[in-house]
Each structure stands twice: as structure tokens, then as C-alpha cells.
Amino acid sequence: MPNTIIIGSGSYIPNRVIGRDYFMNSEFYTEDGVKIEKPVEETIAKFVEITEIENRRFIEDDLSNSQIGYEAAKIALEDAKVDGEELDYIIYASNFGEVTENGYADFMPTMAARVKNKLGIKNRKCVTYDMIFGCPGWVEGMILADNLIKAKVAKTILIIGAETLSRVTDPHDRNRMIFADGAGAVVVKATDEENVGVIAHNTICDNGPELNYLENAPSINQEVDQKRLYVRMLGRKIYEYALKNVPVAIKDTITDAGLSIEDIDKILIHQANAKMDYAMIERLHRLYDVKEYDHAISPMTIQDLGNTSVATIPTMYDLIIKGKMEGQSFKDNGNIVMTSVGAGMNINAIVYRFPKK
């Protein structure tokens, strides 16, 4: 049975840096629609203290989701030294597709098809899929790619995660300060080398009471247009759900790989907010009765890039593999975890082993 290895990566980080001053003129409301009367600077300072998000990136007005996805994909193909005509599949993860000027999600044609077009790929047998799976969409795209390769349906696949969340946030919701724009992509390929690449994966979908922890909803300021929808989330519910379920899902995946926590070099966890990520990594180690550990095991980009949803993990992977994150690197033949949680609620995790050089 073939295995799935990453042979190239790319990312697009917008040039437009959005700091706390951008939000100083905001008028924030609670989830119950009550105006927050305390000074805006206090709300922003508390937000930064909890999430550690000091800056985030927004795309320019003349750019689109598919454009930044294309930019990341182009770099990944060049890095992999792969001609786009060789691709069997393009899998594109996003939550809102090509957001229109009035904030609507646009998925027709699909994001994957748009990128195939931008890349100029003529191969009619290159299949284009969109993966709509919440923040775990890119990881789920990797899992789908691994299944296709192991089934011998495909040999070479491009997986993109890109989002323009700045265009779907409620201006009256404090949570808007979490979200950002960006894109990441990898090219994976089948290999006959044993015990490398994706060696284990798990996906969990809890779609009962958790269904609407993240959703599209009208502005929490009920005095403005209630027809337009924005991304909304129940922060406390998500935090409690993630802390309870994500560490267990990661541990189960590590166990499925025949490994333990000491065998894992890095955990690339979805950059949701710093407080939640720290808590999940600590809880994971506690499941192994480990109280002291090197916090460098879990790299963080959220402080400067914000939460770009499906793009957080492939972007982080690209930065590390190319030596662009200070103090972070991957080991030859080392094991890493890639894991995410998000709308659905959905959780997934991959254990990935680098081939020997």
C-alpha cells in the first residue's frame, strides 16, 4: 500500500498588518445584544491578554480568496517541482469560498476549479474538490488525499487552505479581532517507502448540541441590518468542548500510530486563540502524566497572524519547513501531529513522519 508524503509547500501572508488601533473606533456588543459601555481600549487590551493576538493580516480590497489560494498553490507546486498537469486532484478547504462584496459565500464555481483555472491546468482528469469542514478543513483535505492515495486512485494531490475571514466578521462582535486572512498549500505524493508520511489519522464529528457553536448569524447589534449574516461563535462553549475532546483525539491518533507523546517532535495545532491552544496541549500531556514539557513542541503564529481558520496549519508548516520561524525546525525522520477543531463541531488529527533525507 502506498504512503502519502509532502513534497512541497507554499503560503500567502497578506502584507496588510492590522493592529489594535484598527478597532479603536468600534462599538462592541455582548452575545446577548447589550452594548458594552466600558472603554473600547479596555475591551481590546483584555482580548489581547487572553488570545495573545496583537496583530493579524487582512488582504487588500482587490484580492480574493481564490487569488491568495492560487498564490500559495503556485509556490507549493514550484517547491515540489511538480507540473500542474500531473495533479490528479486539487482539494480546496475554506468556510466561505469567494466572499462577495455584500458578504455572501460564493462556491460556484468551486474554489478548487477556480485555482485550477488560474494555474492554467488543462488536464481534464484533474478532479477539483472543495472541502467545507470548518477550521479543520485543510487537515481533512490531507486525510482525504491520504485515503485517495492509499486506495491507488491518485498519486499526486494539491491541498489548499485559504480564507478571507475579515470580510465575514460582525463589526460589533469582539470576536472579530480573532479572525484574519491567509492561505497555505502543500503537494502530496504517493511513495512506496514504508512507515513514512501520514501514518495515522482520526476524525470526529459531533453534530448534536454542538452544531451551532459556530454559525452564520445576523449582527449582535439588533439595530443594524439583520439580513446580512456574519460568522458568530459561542466562545465559552467552544473552549469547553475543545479542552474536553481535542486532547483525547490527539492521544488516540498517536496511539493508533504506535507511538507515545515522547515520540512526537512537534504539534501543529490550529491557531484558534493562544489561551485555548496552551490549555489543550497541557491537557494532552496530562493524559500521559507529563507535567513538565518543552513548550516549543507547539509552535504559535497566532500572535502576529491571527486565526486564519483552514490556513493556520499549512501556513505554519510552510514557515517551519523553510526555516522562517525562529527556533523551530522539523527533524529528519521525525514525527509531528497536525490537529484542528472547528465548526460542526469537527475535530481531526494526523500523525505525520518525515522521510529520511
# chains A, B, ... in the order shown; residues from 1 in each chain; ligands from 1
>>> select_by_dssp(residues="segment 112-342 of chain A", states="alpha helix (DSSP H)", output="PyMOL selection string")
chain A and resi 112-119+137-150+235-256+274-287+302-305+312-321
>>> select_by_dssp(residues="segment 39-153 of chain A", states="strand (DSSP E)", output="PyMOL selection string")
chain A and resi 56-58+89-93+127-131
>>> closest_atom_pairs(of="segment 116-144 of chain A", to="segment 91-106 of chain A", cutoff="7 Å", atoms="only C-alpha atoms", output="CSV")
residue,atom,partner,partner_atom,distance
A:Thr128,CA,A:Ile91,CA,6.1
A:Tyr129,CA,A:Ile91,CA,4.8
A:Asp130,CA,A:Tyr92,CA,4.8
A:Met131,CA,A:Ala93,CA,4.5
A:Ile132,CA,A:Asn95,CA,5.8
A:Gly134,CA,A:Asn95,CA,5.8
A:Gly137,CA,A:Ala93,CA,5.1
A:Trp138,CA,A:Ala93,CA,5.3
A:Gly141,CA,A:Ile91,CA,6.2
>>> write_last_selection(atoms="N, CA and C atoms", output="PDB file, in the first residue's frame")
ATOM      1  N   THR A 128     -11.436  18.443  -9.154  1.00  0.00           N
ATOM      2  CA  THR A 128     -11.421  19.578  -8.223  1.00  0.00           C
ATOM      3  C   THR A 128     -12.501  19.413  -7.164  1.00  0.00           C
ATOM      4  N   TYR A 129     -12.057  19.377  -5.911  1.00  0.00           N
ATOM      5  CA  TYR A 129     -12.951  19.215  -4.761  1.00  0.00           C
ATOM      6  C   TYR A 129     -12.870  20.438  -3.861  1.00  0.00           C
ATOM      7  N   ASP A 130     -14.000  20.859  -3.301  1.00  0.00           N
ATOM      8  CA  ASP A 130     -13.986  21.813  -2.200  1.00  0.00           C
ATOM      9  C   ASP A 130     -14.259  21.064  -0.902  1.00  0.00           C
ATOM     10  N   MET A 131     -13.496  21.387   0.129  1.00  0.00           N
ATOM     11  CA  MET A 131     -13.659  20.770   1.439  1.00  0.00           C
ATOM     12  C   MET A 131     -14.219  21.823   2.389  1.00  0.00           C
ATOM     13  N   ILE A 132     -15.493  21.693   2.733  1.00  0.00           N
ATOM     14  CA  ILE A 132     -16.149  22.623   3.655  1.00  0.00           C
ATOM     15  C   ILE A 132     -16.356  21.874   4.963  1.00  0.00           C
ATOM     16  N   GLY A 134     -15.306  23.423   8.287  1.00  0.00           N
ATOM     17  CA  GLY A 134     -14.888  24.290   9.377  1.00  0.00           C
ATOM     18  C   GLY A 134     -13.387  24.475   9.388  1.00  0.00           C
ATOM     19  N   GLY A 137     -10.778  21.981   7.980  1.00  0.00           N
ATOM     20  CA  GLY A 137     -10.919  21.621   6.572  1.00  0.00           C
ATOM     21  C   GLY A 137      -9.640  21.217   5.879  1.00  0.00           C
ATOM     22  N   TRP A 138      -8.534  21.943   6.142  1.00  0.00           N
ATOM     23  CA  TRP A 138      -7.294  21.585   5.455  1.00  0.00           C
ATOM     24  C   TRP A 138      -6.772  20.239   5.944  1.00  0.00           C
ATOM     25  N   GLY A 141      -8.702  17.704   4.333  1.00  0.00           N
ATOM     26  CA  GLY A 141      -8.237  17.564   2.957  1.00  0.00           C
ATOM     27  C   GLY A 141      -7.027  16.654   2.861  1.00  0.00           C
TER      28      GLY A 141
END
>>> residues_around(residues="Lys357 of chain A", least_positions_apart="4", cutoff="12 Å", atoms="only C-alpha atoms", output="list in words")
Ile7, Val196, Lys331, Asp332, Asn333 and Gly334 of chain A
>>> residues_around(residues="Gly120 of chain A", least_positions_apart="2", cutoff="12 Å", atoms="only C-alpha atoms", output="list of chain:residue names")
A:Tyr70, A:Lys74, A:Asp83, A:Gly84, A:Glu85, A:Ala113, A:Arg114, A:Val115, A:Lys116, A:Asn117, A:Lys118, A:Lys122, A:Asn123, A:Arg124, A:Cys126
>>> write_last_selection(atoms="all heavy atoms", output="compact mmCIF listing (two decimals), in the first residue's frame")
# COMPACT_ATOMS: atom_id res chain seq x y z
N TYR A 70 -4.46 30.58 -4.91
CA TYR A 70 -3.63 30.35 -6.10
C TYR A 70 -2.16 30.70 -5.83
O TYR A 70 -1.25 29.96 -6.23
CB TYR A 70 -4.16 31.18 -7.26
CG TYR A 70 -3.17 31.47 -8.35
CD1 TYR A 70 -2.78 30.49 -9.25
CD2 TYR A 70 -2.59 32.74 -8.47
CE1 TYR A 70 -1.85 30.76 -10.25
CE2 TYR A 70 -1.67 33.02 -9.46
CZ TYR A 70 -1.30 32.03 -10.35
OH TYR A 70 -0.37 32.29 -11.32
N LYS A 74 0.72 28.00 -6.20
CA LYS A 74 1.80 28.17 -7.19
C LYS A 74 3.17 27.96 -6.54
O LYS A 74 4.04 27.27 -7.09
CB LYS A 74 1.71 29.57 -7.79
CG LYS A 74 2.70 29.86 -8.90
CD LYS A 74 2.40 31.19 -9.58
CE LYS A 74 2.52 32.35 -8.61
NZ LYS A 74 2.43 33.67 -9.29
N ASP A 83 4.70 19.75 -12.19
CA ASP A 83 3.90 20.43 -13.20
C ASP A 83 2.43 20.24 -12.83
O ASP A 83 2.00 19.13 -12.52
CB ASP A 83 4.18 19.81 -14.58
CG ASP A 83 3.50 20.55 -15.71
OD1 ASP A 83 2.36 21.02 -15.53
OD2 ASP A 83 4.10 20.67 -16.79
N GLY A 84 1.66 21.31 -12.88
CA GLY A 84 0.25 21.21 -12.51
C GLY A 84 -0.51 20.16 -13.30
O GLY A 84 -1.51 19.61 -12.81
N GLU A 85 -0.05 19.87 -14.52
CA GLU A 85 -0.73 18.86 -15.35
C GLU A 85 -0.62 17.46 -14.75
O GLU A 85 -1.36 16.56 -15.14
CB GLU A 85 -0.15 18.87 -16.77
CG GLU A 85 -0.27 20.19 -17.50
CD GLU A 85 -1.71 20.63 -17.73
OE1 GLU A 85 -2.61 19.78 -17.74
OE2 GLU A 85 -1.94 21.85 -17.90
N ALA A 113 -11.85 24.58 -8.55
CA ALA A 113 -11.93 24.78 -10.00
C ALA A 113 -11.34 26.13 -10.40
O ALA A 113 -10.67 26.25 -11.43
CB ALA A 113 -13.39 24.67 -10.46
N ARG A 114 -11.59 27.15 -9.58
CA ARG A 114 -11.05 28.48 -9.87
C ARG A 114 -9.52 28.46 -9.85
O ARG A 114 -8.87 29.09 -10.70
CB ARG A 114 -11.58 29.50 -8.86
CG ARG A 114 -13.08 29.70 -8.94
CD ARG A 114 -13.55 30.73 -7.93
NE ARG A 114 -14.94 30.48 -7.53
CZ ARG A 114 -15.83 31.43 -7.28
NH1 ARG A 114 -15.50 32.69 -7.39
NH2 ARG A 114 -17.06 31.12 -6.92
N VAL A 115 -8.95 27.75 -8.87
CA VAL A 115 -7.49 27.69 -8.79
C VAL A 115 -6.92 26.88 -9.95
O VAL A 115 -5.89 27.24 -10.53
CB VAL A 115 -7.04 27.11 -7.44
CG1 VAL A 115 -5.55 26.76 -7.45
CG2 VAL A 115 -7.32 28.11 -6.33
N LYS A 116 -7.59 25.79 -10.31
CA LYS A 116 -7.14 25.02 -11.48
C LYS A 116 -7.11 25.91 -12.71
O LYS A 116 -6.17 25.87 -13.51
CB LYS A 116 -8.06 23.82 -11.70
CG LYS A 116 -7.69 22.97 -12.91
CD LYS A 116 -8.65 21.80 -13.07
CE LYS A 116 -8.36 21.01 -14.34
NZ LYS A 116 -9.30 19.88 -14.54
N ASN A 117 -8.12 26.75 -12.85
CA ASN A 117 -8.19 27.68 -13.98
C ASN A 117 -7.06 28.69 -13.92
O ASN A 117 -6.40 28.96 -14.93
CB ASN A 117 -9.54 28.38 -13.97
CG ASN A 117 -9.66 29.44 -15.04
OD1 ASN A 117 -9.31 30.60 -14.81
ND2 ASN A 117 -10.13 29.06 -16.21
N LYS A 118 -6.81 29.25 -12.75
CA LYS A 118 -5.75 30.26 -12.59
C LYS A 118 -4.37 29.65 -12.85
O LYS A 118 -3.47 30.33 -13.36
CB LYS A 118 -5.79 30.86 -11.18
CG LYS A 118 -7.00 31.74 -10.92
CD LYS A 118 -7.00 32.26 -9.47
CE LYS A 118 -8.30 32.96 -9.12
NZ LYS A 118 -8.54 34.19 -9.90
N LYS A 122 -4.78 22.12 -17.94
CA LYS A 122 -5.66 21.64 -19.00
C LYS A 122 -6.13 20.20 -18.77
O LYS A 122 -7.09 19.75 -19.40
CB LYS A 122 -4.96 21.71 -20.36
CG LYS A 122 -4.40 23.09 -20.72
CD LYS A 122 -5.48 24.14 -20.80
CE LYS A 122 -4.88 25.48 -21.22
NZ LYS A 122 -5.91 26.56 -21.18
N ASN A 123 -5.46 19.48 -17.90
CA ASN A 123 -5.75 18.06 -17.64
C ASN A 123 -7.20 17.89 -17.17
O ASN A 123 -7.55 18.25 -16.06
CB ASN A 123 -4.78 17.52 -16.60
CG ASN A 123 -5.06 16.06 -16.23
OD1 ASN A 123 -5.86 15.38 -16.87
ND2 ASN A 123 -4.38 15.59 -15.19
N ARG A 124 -8.05 17.31 -18.00
CA ARG A 124 -9.47 17.15 -17.68
C ARG A 124 -9.70 16.12 -16.59
O ARG A 124 -10.78 16.07 -15.98
CB ARG A 124 -10.24 16.78 -18.94
CG ARG A 124 -10.19 17.86 -20.02
CD ARG A 124 -10.75 17.35 -21.33
NE ARG A 124 -12.19 17.12 -21.25
CZ ARG A 124 -12.87 16.42 -22.14
NH1 ARG A 124 -12.23 15.86 -23.17
NH2 ARG A 124 -14.17 16.27 -22.02
N CYS A 126 -7.89 15.96 -13.89
CA CYS A 126 -7.52 16.57 -12.60
C CYS A 126 -8.83 16.99 -11.93
O CYS A 126 -9.47 17.95 -12.35
CB CYS A 126 -6.60 17.76 -12.80
SG CYS A 126 -6.29 18.70 -11.29
>>> residues_around(residues="Ala249 of chain A", least_positions_apart="4", cutoff="10 Å", atoms="only C-alpha atoms", output="list in words")
His201, Asn202, Thr203, Ile204, Lys244, Asn245, Thr253, Ile254, Thr255, Leu284, Thr339, Ile347, Asn348, Ala349 and Ile350 of chain A
>>> residues_around(residues="Glu52 of chain A", least_positions_apart="5", cutoff="9 Å", atoms="only C-alpha atoms", output="PDB file with N, CA and C atoms, in the first residue's frame")
ATOM      1  N   PHE A  47      -8.823  41.416  25.390  1.00  0.00           N
ATOM      2  CA  PHE A  47      -8.783  40.467  24.278  1.00  0.00           C
ATOM      3  C   PHE A  47      -7.353  40.027  23.992  1.00  0.00           C
ATOM      4  N   ASN A 273      -6.987  30.431  19.496  1.00  0.00           N
ATOM      5  CA  ASN A 273      -6.533  31.531  20.351  1.00  0.00           C
ATOM      6  C   ASN A 273      -5.520  30.940  21.307  1.00  0.00           C
ATOM      7  N   ALA A 274      -4.587  31.745  21.756  1.00  0.00           N
ATOM      8  CA  ALA A 274      -3.437  31.225  22.493  1.00  0.00           C
ATOM      9  C   ALA A 274      -3.848  30.516  23.774  1.00  0.00           C
ATOM     10  N   LYS A 275      -4.759  31.111  24.529  1.00  0.00           N
ATOM     11  CA  LYS A 275      -5.176  30.514  25.797  1.00  0.00           C
ATOM     12  C   LYS A 275      -5.724  29.110  25.585  1.00  0.00           C
ATOM     13  N   ILE A 302      -0.237  32.687  15.980  1.00  0.00           N
ATOM     14  CA  ILE A 302      -1.445  33.489  16.147  1.00  0.00           C
ATOM     15  C   ILE A 302      -1.162  34.906  16.626  1.00  0.00           C
ATOM     16  N   GLN A 303      -0.068  35.098  17.361  1.00  0.00           N
ATOM     17  CA  GLN A 303       0.236  36.422  17.916  1.00  0.00           C
ATOM     18  C   GLN A 303       0.384  37.476  16.830  1.00  0.00           C
ATOM     19  N   ASP A 304       0.903  37.084  15.666  1.00  0.00           N
ATOM     20  CA  ASP A 304       1.153  38.039  14.587  1.00  0.00           C
ATOM     21  C   ASP A 304       0.304  37.817  13.344  1.00  0.00           C
TER      22      ASP A 304
END
>>> closest_residue(among="A:Ala257, A:Ala80, A:Ala242, A:Val310", to="Phe133 of chain A", atoms="only C-alpha atoms")
A:Val310
>>> residues_around(residues="Thr43 of chain A", least_positions_apart="4", cutoff="12 Å", atoms="only C-alpha atoms", output="ChimeraX atom specification")
/A:20,23-30,36-39,47-50,173-175,177
>>> write_last_selection(atoms="N, CA and C atoms", output="PDB file, in the first residue's frame")
ATOM      1  N   ARG A  20      -4.042  46.719  17.019  1.00  0.00           N
ATOM      2  CA  ARG A  20      -5.175  47.036  17.886  1.00  0.00           C
ATOM      3  C   ARG A  20      -5.814  48.389  17.565  1.00  0.00           C
ATOM      4  N   PHE A  23      -9.226  48.807  15.652  1.00  0.00           N
ATOM      5  CA  PHE A  23     -10.523  48.547  16.277  1.00  0.00           C
ATOM      6  C   PHE A  23     -10.937  49.619  17.287  1.00  0.00           C
ATOM      7  N   MET A  24     -10.141  50.668  17.431  1.00  0.00           N
ATOM      8  CA  MET A  24     -10.372  51.650  18.485  1.00  0.00           C
ATOM      9  C   MET A  24     -11.706  52.392  18.354  1.00  0.00           C
ATOM     10  N   ASN A  25     -12.227  52.514  17.138  1.00  0.00           N
ATOM     11  CA  ASN A  25     -13.483  53.227  16.949  1.00  0.00           C
ATOM     12  C   ASN A  25     -14.695  52.290  16.922  1.00  0.00           C
ATOM     13  N   SER A  26     -14.489  51.045  17.342  1.00  0.00           N
ATOM     14  CA  SER A  26     -15.576  50.060  17.314  1.00  0.00           C
ATOM     15  C   SER A  26     -16.581  50.307  18.430  1.00  0.00           C
ATOM     16  N   GLU A  27     -17.787  49.807  18.197  1.00  0.00           N
ATOM     17  CA  GLU A  27     -18.848  49.819  19.207  1.00  0.00           C
ATOM     18  C   GLU A  27     -19.262  48.363  19.414  1.00  0.00           C
ATOM     19  N   PHE A  28     -18.769  47.758  20.500  1.00  0.00           N
ATOM     20  CA  PHE A  28     -18.960  46.325  20.713  1.00  0.00           C
ATOM     21  C   PHE A  28     -20.207  46.029  21.541  1.00  0.00           C
ATOM     22  N   TYR A  29     -20.789  44.851  21.265  1.00  0.00           N
ATOM     23  CA  TYR A  29     -21.963  44.370  21.980  1.00  0.00           C
ATOM     24  C   TYR A  29     -21.672  42.966  22.523  1.00  0.00           C
ATOM     25  N   THR A  30     -22.402  42.569  23.558  1.00  0.00           N
ATOM     26  CA  THR A  30     -22.282  41.208  24.085  1.00  0.00           C
ATOM     27  C   THR A  30     -23.033  40.243  23.180  1.00  0.00           C
ATOM     28  N   ILE A  36     -21.612  47.187  25.116  1.00  0.00           N
ATOM     29  CA  ILE A  36     -20.570  47.191  26.137  1.00  0.00           C
ATOM     30  C   ILE A  36     -20.164  48.638  26.400  1.00  0.00           C
ATOM     31  N   GLU A  37     -20.386  49.090  27.625  1.00  0.00           N
ATOM     32  CA  GLU A  37     -20.202  50.504  27.943  1.00  0.00           C
ATOM     33  C   GLU A  37     -18.772  50.859  28.340  1.00  0.00           C
ATOM     34  N   LYS A  38     -17.984  49.874  28.754  1.00  0.00           N
ATOM     35  CA  LYS A  38     -16.623  50.209  29.181  1.00  0.00           C
ATOM     36  C   LYS A  38     -15.790  50.659  27.980  1.00  0.00           C
ATOM     37  N   PRO A  39     -14.734  51.413  28.212  1.00  0.00           N
ATOM     38  CA  PRO A  39     -13.920  51.932  27.101  1.00  0.00           C
ATOM     39  C   PRO A  39     -13.438  50.833  26.159  1.00  0.00           C
ATOM     40  N   PHE A  47      -8.823  41.416  25.390  1.00  0.00           N
ATOM     41  CA  PHE A  47      -8.783  40.467  24.278  1.00  0.00           C
ATOM     42  C   PHE A  47      -7.353  40.027  23.992  1.00  0.00           C
ATOM     43  N   VAL A  48      -6.428  40.983  23.904  1.00  0.00           N
ATOM     44  CA  VAL A  48      -5.026  40.660  23.631  1.00  0.00           C
ATOM     45  C   VAL A  48      -4.439  39.810  24.754  1.00  0.00           C
ATOM     46  N   GLU A  49      -4.802  40.106  25.985  1.00  0.00           N
ATOM     47  CA  GLU A  49      -4.304  39.349  27.137  1.00  0.00           C
ATOM     48  C   GLU A  49      -4.704  37.879  27.050  1.00  0.00           C
ATOM     49  N   ILE A  50      -5.933  37.623  26.623  1.00  0.00           N
ATOM     50  CA  ILE A  50      -6.440  36.249  26.555  1.00  0.00           C
ATOM     51  C   ILE A  50      -5.927  35.513  25.324  1.00  0.00           C
ATOM     52  N   ASP A 173     -18.968  42.678  17.028  1.00  0.00           N
ATOM     53  CA  ASP A 173     -18.629  41.484  17.805  1.00  0.00           C
ATOM     54  C   ASP A 173     -17.145  41.524  18.179  1.00  0.00           C
ATOM     55  N   ARG A 174     -16.840  41.413  19.476  1.00  0.00           N
ATOM     56  CA  ARG A 174     -15.444  41.409  19.921  1.00  0.00           C
ATOM     57  C   ARG A 174     -14.635  40.305  19.266  1.00  0.00           C
ATOM     58  N   ASN A 175     -15.294  39.194  18.960  1.00  0.00           N
ATOM     59  CA  ASN A 175     -14.588  38.059  18.371  1.00  0.00           C
ATOM     60  C   ASN A 175     -14.020  38.366  16.990  1.00  0.00           C
ATOM     61  N   MET A 177     -11.899  40.374  16.303  1.00  0.00           N
ATOM     62  CA  MET A 177     -10.471  40.631  16.448  1.00  0.00           C
ATOM     63  C   MET A 177      -9.631  39.363  16.377  1.00  0.00           C
TER      64      MET A 177
END
>>> closest_residue(among="A:Arg56, A:Arg176, A:His285, A:His270", to="Arg232 of chain A", atoms="only C-alpha atoms")
A:Arg176
>>> closest_atom_pairs(of="segment 257-333 of chain A", to="segment 57-64 of chain A", cutoff="10 Å", atoms="only C-alpha atoms", output="CSV")
residue,atom,partner,partner_atom,distance
A:Asp304,CA,A:Arg57,CA,7.9
A:Leu305,CA,A:Arg57,CA,5.7
A:Gly306,CA,A:Arg57,CA,7.1
A:Asn307,CA,A:Arg57,CA,9.4
A:Thr308,CA,A:Arg57,CA,8.8
>>> write_last_selection(atoms="all heavy atoms", output="tab-separated table (two decimals), in the first residue's frame")
chain	number	residue	atom	x	y	z
A	304	ASP	N	0.90	37.08	15.67
A	304	ASP	CA	1.15	38.04	14.59
A	304	ASP	C	0.30	37.82	13.34
A	304	ASP	O	0.17	38.72	12.52
A	304	ASP	CB	2.63	38.01	14.19
A	304	ASP	CG	3.53	38.55	15.28
A	304	ASP	OD1	3.21	39.61	15.83
A	304	ASP	OD2	4.54	37.90	15.60
A	305	LEU	N	-0.27	36.63	13.21
A	305	LEU	CA	-1.04	36.32	12.00
A	305	LEU	C	-2.53	36.15	12.27
A	305	LEU	O	-3.32	36.13	11.33
A	305	LEU	CB	-0.50	35.05	11.33
A	305	LEU	CG	0.96	35.08	10.87
A	305	LEU	CD1	1.32	33.78	10.15
A	305	LEU	CD2	1.22	36.28	9.97
A	306	GLY	N	-2.93	36.04	13.54
A	306	GLY	CA	-4.32	35.84	13.86
A	306	GLY	C	-4.81	34.45	13.48
A	306	GLY	O	-4.03	33.56	13.13
A	307	ASN	N	-6.12	34.25	13.57
A	307	ASN	CA	-6.75	32.97	13.25
A	307	ASN	C	-7.23	33.00	11.81
A	307	ASN	O	-8.23	33.65	11.48
A	307	ASN	CB	-7.93	32.74	14.21
A	307	ASN	CG	-8.68	31.44	13.93
A	307	ASN	OD1	-8.50	30.81	12.90
A	307	ASN	ND2	-9.53	31.06	14.86
A	308	THR	N	-6.51	32.29	10.94
A	308	THR	CA	-6.87	32.23	9.52
A	308	THR	C	-7.61	30.93	9.18
A	308	THR	O	-7.62	30.51	8.02
A	308	THR	CB	-5.63	32.38	8.63
A	308	THR	OG1	-4.68	31.34	8.97
A	308	THR	CG2	-4.97	33.73	8.81
>>> atom_distance(atom1="atom CA of Thr164 of chain A", atom2="atom CA of Tyr12 of chain A")
11.7 Å
>>> atom_distance(atom1="atom CA of Tyr241 of chain A", atom2="atom CA of Cys135 of chain A")
14.6 Å
>>> closest_residue(among="A:Leu234, A:Val168, A:Val246, A:Met300", to="Pro218 of chain A", atoms="only C-alpha atoms")
A:Val168
>>> closest_residue(among="A:Asp146, A:Glu78, A:Glu215, A:Glu42", to="Ala343 of chain A", atoms="only C-alpha atoms")
A:Glu215
>>> closest_residue(among="A:Met338, A:Val153, A:Val187, A:Ile5", to="Leu77 of chain A", atoms="only C-alpha atoms")
A:Val187
>>> atom_distance(atom1="atom CA of Ala180 of chain A", atom2="atom CA of Ala217 of chain A")
18.6 Å
